[in-house]
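Visitor: Input file: final-v1.cif. Contents: mmCIF, C-alpha atoms and all ligand atoms.
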data_query
loop_
_atom_site.group_PDB
_atom_site.id
_atom_site.type_symbol
_atom_site.label_atom_id
_atom_site.label_comp_id
_atom_site.auth_asym_id
_atom_site.auth_seq_id
_atom_site.Cartn_x
_atom_site.Cartn_y
_atom_site.Cartn_z
ATOM 1 C CA MET A 82 25.366 -21.484 1.260
ATOM 2 C CA ILE A 83 25.738 -20.141 -2.307
ATOM 3 C CA LYS A 84 22.994 -17.645 -1.500
ATOM 4 C CA GLY A 85 24.941 -16.555 1.591
ATOM 5 C CA VAL A 86 28.177 -16.106 -0.374
ATOM 6 C CA ALA A 87 26.358 -14.111 -3.084
ATOM 7 C CA ARG A 88 24.796 -11.871 -0.463
ATOM 8 C CA ASN A 89 28.146 -11.244 1.234
ATOM 9 C CA LEU A 90 29.673 -10.367 -2.127
ATOM 10 C CA LEU A 91 26.796 -8.012 -2.945
ATOM 11 C CA ASP A 92 27.103 -6.460 0.516
ATOM 12 C CA TYR A 93 30.802 -5.874 -0.135
ATOM 13 C CA LEU A 94 30.354 -4.419 -3.628
ATOM 14 C CA ALA A 95 27.244 -2.300 -3.038
ATOM 15 C CA PRO A 96 26.063 -2.323 0.567
ATOM 16 C CA GLN A 97 22.425 -1.339 1.107
ATOM 17 C CA LEU A 98 22.382 1.346 3.767
ATOM 18 C CA CYS A 99 19.517 1.505 6.243
ATOM 19 C CA ILE A 100 17.522 4.704 5.613
ATOM 20 C CA TYR A 101 17.200 5.277 9.367
ATOM 21 C CA CYS A 102 20.635 4.540 10.853
ATOM 22 C CA ASP A 103 22.847 4.741 7.706
ATOM 23 C CA GLN A 104 24.535 1.435 8.603
ATOM 24 C CA PRO A 105 24.707 -1.460 6.084
ATOM 25 C CA SER A 106 21.421 -3.373 6.357
ATOM 26 C CA HIS A 107 23.137 -6.675 5.344
ATOM 27 C CA ARG A 108 20.154 -7.500 3.097
ATOM 28 C CA LEU A 109 18.459 -6.105 -0.007
ATOM 29 C CA GLU A 110 16.015 -4.086 2.091
ATOM 30 C CA ARG A 111 16.857 -0.485 2.908
ATOM 31 C CA ILE A 112 16.009 -1.027 6.589
ATOM 32 C CA CYS A 113 18.158 -2.988 9.026
ATOM 33 C CA GLU A 114 16.516 -5.509 11.371
ATOM 34 C CA VAL A 115 16.969 -3.278 14.432
ATOM 35 C CA CYS A 116 15.223 -0.296 12.801
ATOM 36 C CA GLU A 117 12.498 -2.547 11.378
ATOM 37 C CA ASP A 118 11.755 -3.790 14.913
ATOM 38 C CA ALA A 119 11.377 -0.166 16.054
ATOM 39 C CA LEU A 120 8.512 0.573 13.592
ATOM 40 C CA THR A 121 5.024 0.876 15.109
ATOM 41 C CA VAL A 122 3.033 -2.205 14.074
ATOM 42 C CA ASN A 123 -0.716 -1.527 13.742
ATOM 43 C CA ASP A 124 -1.827 -3.911 16.489
ATOM 44 C CA ALA A 125 -5.549 -4.624 17.100
ATOM 45 C CA PRO A 126 -6.984 -1.802 14.945
ATOM 46 C CA CYS A 127 -10.627 -1.401 13.820
ATOM 47 C CA PRO A 128 -11.257 -4.572 11.754
ATOM 48 C CA ARG A 129 -13.088 -2.632 9.015
ATOM 49 C CA CYS A 130 -10.959 0.488 8.446
ATOM 50 C CA ALA A 131 -7.687 -0.379 10.287
ATOM 51 C CA LEU A 132 -7.925 2.716 12.494
ATOM 52 C CA PRO A 133 -5.134 2.213 15.062
ATOM 53 C CA GLY A 134 -5.658 1.874 18.803
ATOM 54 C CA MET A 135 -9.184 0.394 18.759
ATOM 55 C CA GLY A 136 -8.363 -2.793 20.704
ATOM 56 C CA GLY A 137 -9.732 -4.847 17.782
ATOM 57 C CA ARG A 138 -13.216 -3.303 18.067
ATOM 58 C CA LEU A 139 -15.141 -1.360 15.405
ATOM 59 C CA CYS A 140 -14.383 2.372 15.507
ATOM 60 C CA PRO A 141 -17.277 4.854 16.029
ATOM 61 C CA HIS A 142 -17.229 5.786 12.331
ATOM 62 C CA CYS A 143 -17.613 2.176 11.089
ATOM 63 C CA LEU A 144 -20.322 1.549 13.702
ATOM 64 C CA LYS A 145 -22.276 4.542 12.382
ATOM 65 C CA GLU A 146 -21.732 4.083 8.655
ATOM 66 C CA ASP A 147 -21.127 0.733 6.978
ATOM 67 C CA PRO A 148 -18.080 1.364 4.733
ATOM 68 C CA ALA A 149 -17.978 0.026 1.162
ATOM 69 C CA LEU A 150 -14.620 -1.661 1.852
ATOM 70 C CA THR A 151 -15.048 -5.113 3.395
ATOM 71 C CA SER A 152 -11.775 -4.682 5.284
ATOM 72 C CA VAL A 153 -8.629 -2.598 5.471
ATOM 73 C CA THR A 154 -5.356 -4.183 6.566
ATOM 74 C CA ALA A 155 -2.482 -1.828 7.369
ATOM 75 C CA ALA A 156 0.853 -3.167 8.588
ATOM 76 C CA PHE A 157 2.038 -0.064 10.457
ATOM 77 C CA VAL A 158 0.764 3.100 12.080
ATOM 78 C CA TYR A 159 1.594 6.131 9.925
ATOM 79 C CA ASP A 160 4.031 8.089 12.069
ATOM 80 C CA ALA A 161 7.241 10.107 11.514
ATOM 81 C CA ALA A 162 9.274 6.972 10.693
ATOM 82 C CA ILE A 163 6.814 5.829 7.998
ATOM 83 C CA ALA A 164 6.498 9.407 6.691
ATOM 84 C CA TYR A 165 10.271 9.443 6.208
ATOM 85 C CA LEU A 166 10.218 6.084 4.400
ATOM 86 C CA MET A 167 7.408 7.388 2.133
ATOM 87 C CA HIS A 168 9.456 10.496 1.328
ATOM 88 C CA ARG A 169 12.482 8.430 0.262
ATOM 89 C CA TRP A 170 10.256 6.106 -1.752
ATOM 90 C CA LYS A 171 7.650 8.322 -3.379
ATOM 91 C CA TYR A 172 9.362 11.667 -3.800
ATOM 92 C CA LEU A 173 13.040 10.715 -4.095
ATOM 93 C CA GLY A 174 12.201 7.498 -5.991
ATOM 94 C CA GLU A 175 15.102 5.606 -4.400
ATOM 95 C CA ALA A 176 15.989 2.076 -5.498
ATOM 96 C CA ASN A 177 14.716 -0.967 -3.586
ATOM 97 C CA MET A 178 12.109 0.982 -1.609
ATOM 98 C CA SER A 179 9.184 -1.009 -3.092
ATOM 99 C CA LEU A 180 10.955 -4.227 -2.152
ATOM 100 C CA THR A 181 11.667 -2.806 1.319
ATOM 101 C CA ALA A 182 8.012 -1.855 1.858
ATOM 102 C CA ALA A 183 6.841 -5.273 0.579
ATOM 103 C CA LYS A 184 9.283 -7.155 2.841
ATOM 104 C CA ILE A 185 8.317 -5.299 6.018
ATOM 105 C CA ILE A 186 4.599 -5.776 5.246
ATOM 106 C CA ASN A 187 5.238 -9.468 4.578
ATOM 107 C CA ASN A 188 7.181 -9.794 7.846
ATOM 108 C CA THR A 189 4.079 -8.721 9.823
ATOM 109 C CA GLY A 190 2.258 -11.782 8.401
ATOM 110 C CA ILE A 191 -0.099 -9.922 6.050
ATOM 111 C CA THR A 192 -1.030 -12.016 3.020
ATOM 112 C CA LEU A 193 -2.845 -11.237 -0.252
ATOM 113 C CA LYS A 194 -3.415 -14.888 -1.074
ATOM 114 C CA ASN A 195 -7.154 -15.169 -0.542
ATOM 115 C CA CYS A 196 -8.179 -12.610 -3.172
ATOM 116 C CA ASP A 197 -9.280 -13.683 -6.685
ATOM 117 C CA ILE A 198 -8.154 -10.448 -8.330
ATOM 118 C CA LEU A 199 -5.584 -7.887 -7.187
ATOM 119 C CA PHE A 200 -5.282 -4.257 -8.219
ATOM 120 C CA ALA A 201 -3.010 -1.421 -7.203
ATOM 121 C CA THR A 202 -4.614 1.944 -6.465
ATOM 122 C CA PRO A 203 -4.353 3.585 -9.897
ATOM 123 C CA LEU A 204 -2.863 7.020 -10.498
ATOM 124 C CA HIS A 205 -4.337 9.214 -13.207
ATOM 125 C CA TRP A 206 -2.115 8.831 -16.286
ATOM 126 C CA ARG A 207 -1.003 12.462 -16.142
ATOM 127 C CA ARG A 208 0.134 12.138 -12.531
ATOM 128 C CA ARG A 209 1.850 8.850 -13.276
ATOM 129 C CA LEU A 210 3.701 10.435 -16.205
ATOM 130 C CA ARG A 211 4.928 13.271 -13.981
ATOM 131 C CA ARG A 212 6.141 10.980 -11.176
ATOM 132 C CA GLY A 213 7.468 8.294 -13.523
ATOM 133 C CA PHE A 214 6.081 5.429 -11.467
ATOM 134 C CA ASN A 215 3.113 4.352 -9.365
ATOM 135 C CA GLN A 216 4.438 3.260 -5.972
ATOM 136 C CA SER A 217 1.296 1.191 -5.282
ATOM 137 C CA GLU A 218 1.814 -0.772 -8.521
ATOM 138 C CA ASP A 219 5.444 -1.428 -7.599
ATOM 139 C CA LEU A 220 4.378 -2.492 -4.100
ATOM 140 C CA LEU A 221 1.806 -4.928 -5.509
ATOM 141 C CA GLU A 222 4.415 -6.412 -7.880
ATOM 142 C CA ALA A 223 6.924 -6.847 -5.028
ATOM 143 C CA LEU A 224 4.315 -8.383 -2.680
ATOM 144 C CA TRP A 225 3.135 -10.670 -5.472
ATOM 145 C CA ALA A 226 6.707 -11.835 -6.112
ATOM 146 C CA LEU A 227 7.184 -12.561 -2.391
ATOM 147 C CA GLN A 228 3.920 -14.359 -1.780
ATOM 148 C CA HIS A 229 3.224 -16.363 -4.955
ATOM 149 C CA SER A 230 5.059 -19.127 -6.717
ATOM 150 C CA PRO A 231 7.226 -17.878 -9.594
ATOM 151 C CA GLY A 232 5.624 -17.922 -13.025
ATOM 152 C CA ARG A 233 2.043 -17.667 -11.777
ATOM 153 C CA ALA A 234 0.491 -14.756 -13.628
ATOM 154 C CA ARG A 235 -1.960 -12.285 -12.150
ATOM 155 C CA PRO A 236 -5.444 -12.512 -13.726
ATOM 156 C CA SER A 237 -5.548 -10.401 -16.887
ATOM 157 C CA GLY A 238 -8.361 -8.752 -18.819
ATOM 158 C CA VAL A 239 -9.544 -6.733 -15.831
ATOM 159 C CA ALA A 240 -8.509 -3.231 -14.873
ATOM 160 C CA LEU A 241 -9.273 -0.549 -12.325
ATOM 161 C CA LYS A 242 -8.791 2.892 -13.880
ATOM 162 C CA ARG A 243 -8.637 6.401 -12.510
ATOM 163 C CA GLN A 244 -10.794 8.586 -14.713
ATOM 164 C CA LYS A 245 -10.104 11.992 -13.223
ATOM 165 C CA ILE A 246 -7.395 13.748 -11.302
ATOM 166 C CA THR A 247 -8.439 14.213 -7.689
ATOM 167 C CA LYS A 248 -7.003 16.795 -5.331
ATOM 168 C CA ALA A 249 -4.926 15.693 -2.332
ATOM 169 C CA GLN A 250 -7.389 14.151 0.127
ATOM 170 C CA ALA A 251 -5.553 14.806 3.386
ATOM 171 C CA HIS A 252 -6.743 18.381 3.955
ATOM 172 C CA ALA A 253 -10.138 18.241 2.268
ATOM 173 C CA SER A 254 -13.350 18.113 4.290
ATOM 174 C CA ARG A 255 -15.433 14.934 4.183
ATOM 175 C CA ARG A 256 -17.957 16.503 1.805
ATOM 176 C CA GLU A 257 -15.148 17.749 -0.510
ATOM 177 C CA ARG A 258 -13.517 14.325 -0.473
ATOM 178 C CA LEU A 259 -16.688 12.513 -1.487
ATOM 179 C CA GLY A 260 -17.417 15.124 -4.206
ATOM 180 C CA ASN A 261 -13.852 14.856 -5.529
ATOM 181 C CA LEU A 262 -14.087 11.100 -5.768
ATOM 182 C CA GLN A 263 -17.485 10.770 -7.405
ATOM 183 C CA GLY A 264 -16.963 8.823 -10.647
ATOM 184 C CA ALA A 265 -13.182 8.863 -10.138
ATOM 185 C CA PHE A 266 -12.774 5.131 -10.790
ATOM 186 C CA ALA A 267 -13.933 2.784 -13.535
ATOM 187 C CA VAL A 268 -13.767 -1.009 -13.729
ATOM 188 C CA GLU A 269 -12.967 -2.793 -16.989
ATOM 189 C CA GLY A 270 -13.573 -6.506 -17.495
ATOM 190 C CA ASN A 271 -15.537 -9.022 -15.439
ATOM 191 C CA VAL A 272 -15.148 -8.933 -11.647
ATOM 192 C CA SER A 273 -18.533 -10.566 -11.003
ATOM 193 C CA GLY A 274 -18.594 -12.621 -7.782
ATOM 194 C CA CYS A 275 -14.879 -12.018 -7.190
ATOM 195 C CA SER A 276 -13.120 -11.211 -3.961
ATOM 196 C CA VAL A 277 -10.952 -8.227 -4.925
ATOM 197 C CA GLY A 278 -7.804 -6.992 -3.185
ATOM 198 C CA ILE A 279 -6.393 -3.501 -3.654
ATOM 199 C CA VAL A 280 -2.837 -2.579 -2.675
ATOM 200 C CA ASP A 281 -2.021 1.000 -1.659
ATOM 201 C CA ASP A 282 0.890 2.673 0.105
ATOM 202 C CA VAL A 283 -0.902 4.651 2.823
ATOM 203 C CA CYS A 284 -4.549 4.787 3.885
ATOM 204 C CA THR A 285 -5.332 8.288 5.151
ATOM 205 C CA THR A 286 -9.104 8.558 5.510
ATOM 206 C CA GLY A 287 -10.342 5.509 3.623
ATOM 207 C CA ALA A 288 -12.230 7.821 1.208
ATOM 208 C CA THR A 289 -10.201 6.756 -1.859
ATOM 209 C CA GLY A 290 -10.424 3.074 -0.882
ATOM 210 C CA ASN A 291 -14.180 3.318 -0.373
ATOM 211 C CA ALA A 292 -14.627 5.064 -3.749
ATOM 212 C CA MET A 293 -12.720 2.215 -5.451
ATOM 213 C CA ALA A 294 -14.747 -0.354 -3.481
ATOM 214 C CA THR A 295 -18.022 1.308 -4.502
ATOM 215 C CA ALA A 296 -17.043 1.108 -8.211
ATOM 216 C CA LEU A 297 -15.980 -2.546 -7.837
ATOM 217 C CA LEU A 298 -19.125 -3.576 -5.902
ATOM 218 C CA GLN A 299 -21.298 -1.849 -8.514
ATOM 219 C CA ALA A 300 -19.437 -3.884 -11.158
ATOM 220 C CA GLY A 301 -20.406 -7.092 -9.305
ATOM 221 C CA ALA A 302 -17.454 -7.825 -6.985
ATOM 222 C CA SER A 303 -18.570 -9.748 -3.879
ATOM 223 C CA GLU A 304 -16.071 -8.121 -1.507
ATOM 224 C CA VAL A 305 -13.210 -5.617 -1.638
ATOM 225 C CA HIS A 306 -10.217 -5.661 0.714
ATOM 226 C CA LEU A 307 -7.582 -2.939 0.942
ATOM 227 C CA PHE A 308 -3.982 -3.755 1.937
ATOM 228 C CA CYS A 309 -1.520 -1.009 2.749
ATOM 229 C CA LEU A 310 1.794 -0.219 4.385
ATOM 230 C CA ALA A 311 0.377 2.210 6.940
ATOM 231 C CA ARG A 312 -2.786 3.818 8.303
ATOM 232 C CA THR A 313 -3.010 7.322 9.766
ATOM 233 C CA PRO A 314 -4.099 7.283 13.415
ATOM 234 C CA SER A 315 -7.021 9.726 13.070
ATOM 235 C CA ARG A 316 -9.540 10.812 10.484
HETATM 236 ZN ZN ZN A 401 18.895 0.808 10.803
HETATM 237 ZN ZN ZN A 402 -13.337 1.678 11.532
#
Do you think you could lay out the structure here as structure tokens?
Ligand SMILES: [Zn+2]
Ligand SMILES: [Zn+2]
Guide:
Amino acid sequence: MIKGVARNLLDYLAPQLCIYCDQPSHRLERICEVCEDALTVNDAPCPRCALPGMGGRLCPHCLKEDPALTSVTAAFVYDAAIAYLMHRWKYLGEANMSLTAAKIINNTGITLKNCDILFATPLHWRRRLRRGFNQSEDLLEALWALQHSPGRARPSGVALKRQKITKAQAHASRRERLGNLQGAFAVEGNVSGCSVGIVDDVCTTGATGNAMATALLQAGASEVHLFCLARTPSR
């Protein structure tokens, strides 16, 4: 009851407006329940790369080429609604967007619990400095806070680092993407025999995820799973 009173008071003092309908969301998230229900959940995608619309079967690409990533889990299909959310989050840097993204992922039932070690997709330090934050790091922190008991620390002494700035992947050809990403990531510390989870905002082609997975597998990880908010519908 106290929680309810506190929330009503907070709602009164500083209502969170839904980014889609501009009405008070009546919760800390920046999306109201009605607009959350209207998002396109990524139902029955390819089990390896989360490509939407595959009826739960492997997509032609994963059938042809075994990807380095053990699995990709994406809560939503990347469409205009998710693109708008990403714009408010990543480029306008609005408050509570990491929490919002974490809550709507959590509400689809996705869980990070089975991984031994969790990383966020790293940004090169120069890019991070320019943007002021790494949205994937914030998303991992928010998901961690939602899904784990308070006070339990994430394993320390291990790190996934971005060694070079890579160009935007969306418009590059496959060959360019792979060339761009060669040696882009380095693993520090012992990941030997570990099941590793990586949290990212959007999975576009899987090229970045597979480059991280390759570095982690070479460092001894037994499997690498990618978790993200959304997956683009085509390669
Ligand atoms: Zn709304
Ligand atoms: Zn696939």
Visitor: Let me make sure I understand: among A:Arg111, A:Arg312, A:Ala149, A:Ala288, which one has the smallest atom-to-atom distance to Cys127 (chain A) if we use only C-alpha atoms?
Guide: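 Looking only at the distances to Cys127 (chain A), the closest residue turns out to be A:Arg312.
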Visitor: Each residue of chain A lying at most 8 Å from ligand ZN 401 (chain A) should get a row with its shortest atom-to-atom pair and the distance in Å to one decimal, counting all atoms listed in the file; could you produce that, ordered by chain and increasing number, as a Markdown table?
Guide:
| residue | atom | partner | partner_atom | distance |
| --- | --- | --- | --- | --- |
| A:Leu98 | CA | A:ZN401 | ZN | 7.9 |
| A:Cys99 | CA | A:ZN401 | ZN | 4.7 |
| A:Ile100 | CA | A:ZN401 | ZN | 6.6 |
| A:Tyr101 | CA | A:ZN401 | ZN | 5.0 |
| A:Cys102 | CA | A:ZN401 | ZN | 4.1 |
| A:Asp103 | CA | A:ZN401 | ZN | 6.4 |
| A:Gln104 | CA | A:ZN401 | ZN | 6.1 |
| A:Pro105 | CA | A:ZN401 | ZN | 7.8 |
| A:Ser106 | CA | A:ZN401 | ZN | 6.6 |
| A:Ile112 | CA | A:ZN401 | ZN | 5.4 |
| A:Cys113 | CA | A:ZN401 | ZN | 4.3 |
| A:Glu114 | CA | A:ZN401 | ZN | 6.8 |
| A:Val115 | CA | A:ZN401 | ZN | 5.8 |
| A:Cys116 | CA | A:ZN401 | ZN | 4.3 |
| A:Glu117 | CA | A:ZN401 | ZN | 7.2 |
Visitor: Write a file of the just-selected residues containing C-alpha atoms, as an mmCIF file, keeping the file's coordinate frame.
Guide:
data_model
loop_
_atom_site.group_PDB
_atom_site.id
_atom_site.type_symbol
_atom_site.label_atom_id
_atom_site.label_comp_id
_atom_site.auth_asym_id
_atom_site.auth_seq_id
_atom_site.Cartn_x
_atom_site.Cartn_y
_atom_site.Cartn_z
ATOM 1 C CA LEU A 98 22.382 1.346 3.767
ATOM 2 C CA CYS A 99 19.517 1.505 6.243
ATOM 3 C CA ILE A 100 17.522 4.704 5.613
ATOM 4 C CA TYR A 101 17.200 5.277 9.367
ATOM 5 C CA CYS A 102 20.635 4.540 10.853
ATOM 6 C CA ASP A 103 22.847 4.741 7.706
ATOM 7 C CA GLN A 104 24.535 1.435 8.603
ATOM 8 C CA PRO A 105 24.707 -1.460 6.084
ATOM 9 C CA SER A 106 21.421 -3.373 6.357
ATOM 10 C CA ILE A 112 16.009 -1.027 6.589
ATOM 11 C CA CYS A 113 18.158 -2.988 9.026
ATOM 12 C CA GLU A 114 16.516 -5.509 11.371
ATOM 13 C CA VAL A 115 16.969 -3.278 14.432
ATOM 14 C CA CYS A 116 15.223 -0.296 12.801
ATOM 15 C CA GLU A 117 12.498 -2.547 11.378
#
Visitor: Would you pick out the contacts of Leu150 (chain A) at 8 Å or less, using only C-alpha atoms, so that residues sharing its chain but fewer than 2 positions from it are not included, and give the list as a ChimeraX atom specification?
Guide: /A:129-130,148,152-153,290-291,294-295,304-307
Visitor: Counting all atoms listed in the file, which residues of chain A sit at most 9 Å from some atom of ligand ZN 402 (chain A), and what is each one's closest atom pair with its distance in Å to one decimal, listed by chain and rising residue number, as a Markdown table?
Guide:
| residue | atom | partner | partner_atom | distance |
| --- | --- | --- | --- | --- |
| A:Pro126 | CA | A:ZN402 | ZN | 8.0 |
| A:Cys127 | CA | A:ZN402 | ZN | 4.7 |
| A:Pro128 | CA | A:ZN402 | ZN | 6.6 |
| A:Arg129 | CA | A:ZN402 | ZN | 5.0 |
| A:Cys130 | CA | A:ZN402 | ZN | 4.1 |
| A:Ala131 | CA | A:ZN402 | ZN | 6.1 |
| A:Leu132 | CA | A:ZN402 | ZN | 5.6 |
| A:Pro133 | CA | A:ZN402 | ZN | 8.9 |
| A:Met135 | CA | A:ZN402 | ZN | 8.4 |
| A:Arg138 | CA | A:ZN402 | ZN | 8.2 |
| A:Leu139 | CA | A:ZN402 | ZN | 5.2 |
| A:Cys140 | CA | A:ZN402 | ZN | 4.2 |
| A:Pro141 | CA | A:ZN402 | ZN | 6.8 |
| A:His142 | CA | A:ZN402 | ZN | 5.7 |
| A:Cys143 | CA | A:ZN402 | ZN | 4.3 |
| A:Leu144 | CA | A:ZN402 | ZN | 7.3 |
| A:Pro148 | CA | A:ZN402 | ZN | 8.3 |
| A:Val153 | CA | A:ZN402 | ZN | 8.8 |
Visitor: Please evaluate the PyMOL selection byres (((chain A and resi 269-275) around 10) and not hetatm) against the structure above and give the resulting residues as a ChimeraX atom specification.
Guide: /A:196-198,237-242,267-268,276-278,297-305
Visitor: Keeping C-alpha atoms for every residue in the selection just given, could you write it to a file as a PDB file, keeping the file's coordinate frame?
Guide:
ATOM      1  CA  CYS A 196      -8.179 -12.610  -3.172  1.00  0.00           C
ATOM      2  CA  ASP A 197      -9.280 -13.683  -6.685  1.00  0.00           C
ATOM      3  CA  ILE A 198      -8.154 -10.448  -8.330  1.00  0.00           C
ATOM      4  CA  SER A 237      -5.548 -10.401 -16.887  1.00  0.00           C
ATOM      5  CA  GLY A 238      -8.361  -8.752 -18.819  1.00  0.00           C
ATOM      6  CA  VAL A 239      -9.544  -6.733 -15.831  1.00  0.00           C
ATOM      7  CA  ALA A 240      -8.509  -3.231 -14.873  1.00  0.00           C
ATOM      8  CA  LEU A 241      -9.273  -0.549 -12.325  1.00  0.00           C
ATOM      9  CA  LYS A 242      -8.791   2.892 -13.880  1.00  0.00           C
ATOM     10  CA  ALA A 267     -13.933   2.784 -13.535  1.00  0.00           C
ATOM     11  CA  VAL A 268     -13.767  -1.009 -13.729  1.00  0.00           C
ATOM     12  CA  SER A 276     -13.120 -11.211  -3.961  1.00  0.00           C
ATOM     13  CA  VAL A 277     -10.952  -8.227  -4.925  1.00  0.00           C
ATOM     14  CA  GLY A 278      -7.804  -6.992  -3.185  1.00  0.00           C
ATOM     15  CA  LEU A 297     -15.980  -2.546  -7.837  1.00  0.00           C
ATOM     16  CA  LEU A 298     -19.125  -3.576  -5.902  1.00  0.00           C
ATOM     17  CA  GLN A 299     -21.298  -1.849  -8.514  1.00  0.00           C
ATOM     18  CA  ALA A 300     -19.437  -3.884 -11.158  1.00  0.00           C
ATOM     19  CA  GLY A 301     -20.406  -7.092  -9.305  1.00  0.00           C
ATOM     20  CA  ALA A 302     -17.454  -7.825  -6.985  1.00  0.00           C
ATOM     21  CA  SER A 303     -18.570  -9.748  -3.879  1.00  0.00           C
ATOM     22  CA  GLU A 304     -16.071  -8.121  -1.507  1.00  0.00           C
ATOM     23  CA  VAL A 305     -13.210  -5.617  -1.638  1.00  0.00           C
TER      24      VAL A 305
END
Visitor: With distances taken over only C-alpha atoms, which of A:Glu110, A:Asp160, A:Asp124, A:Asp147 is nearest to Ser315 (chain A)?
Guide: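 Nearest to Ser315 (chain A): A:Asp160.
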Visitor: Counting all atoms listed in the file, which of A:Gln216, A:Gly190, A:Leu199, A:Ala155 gets nearest to Gly174 (chain A)?
Guide: A:Gln216
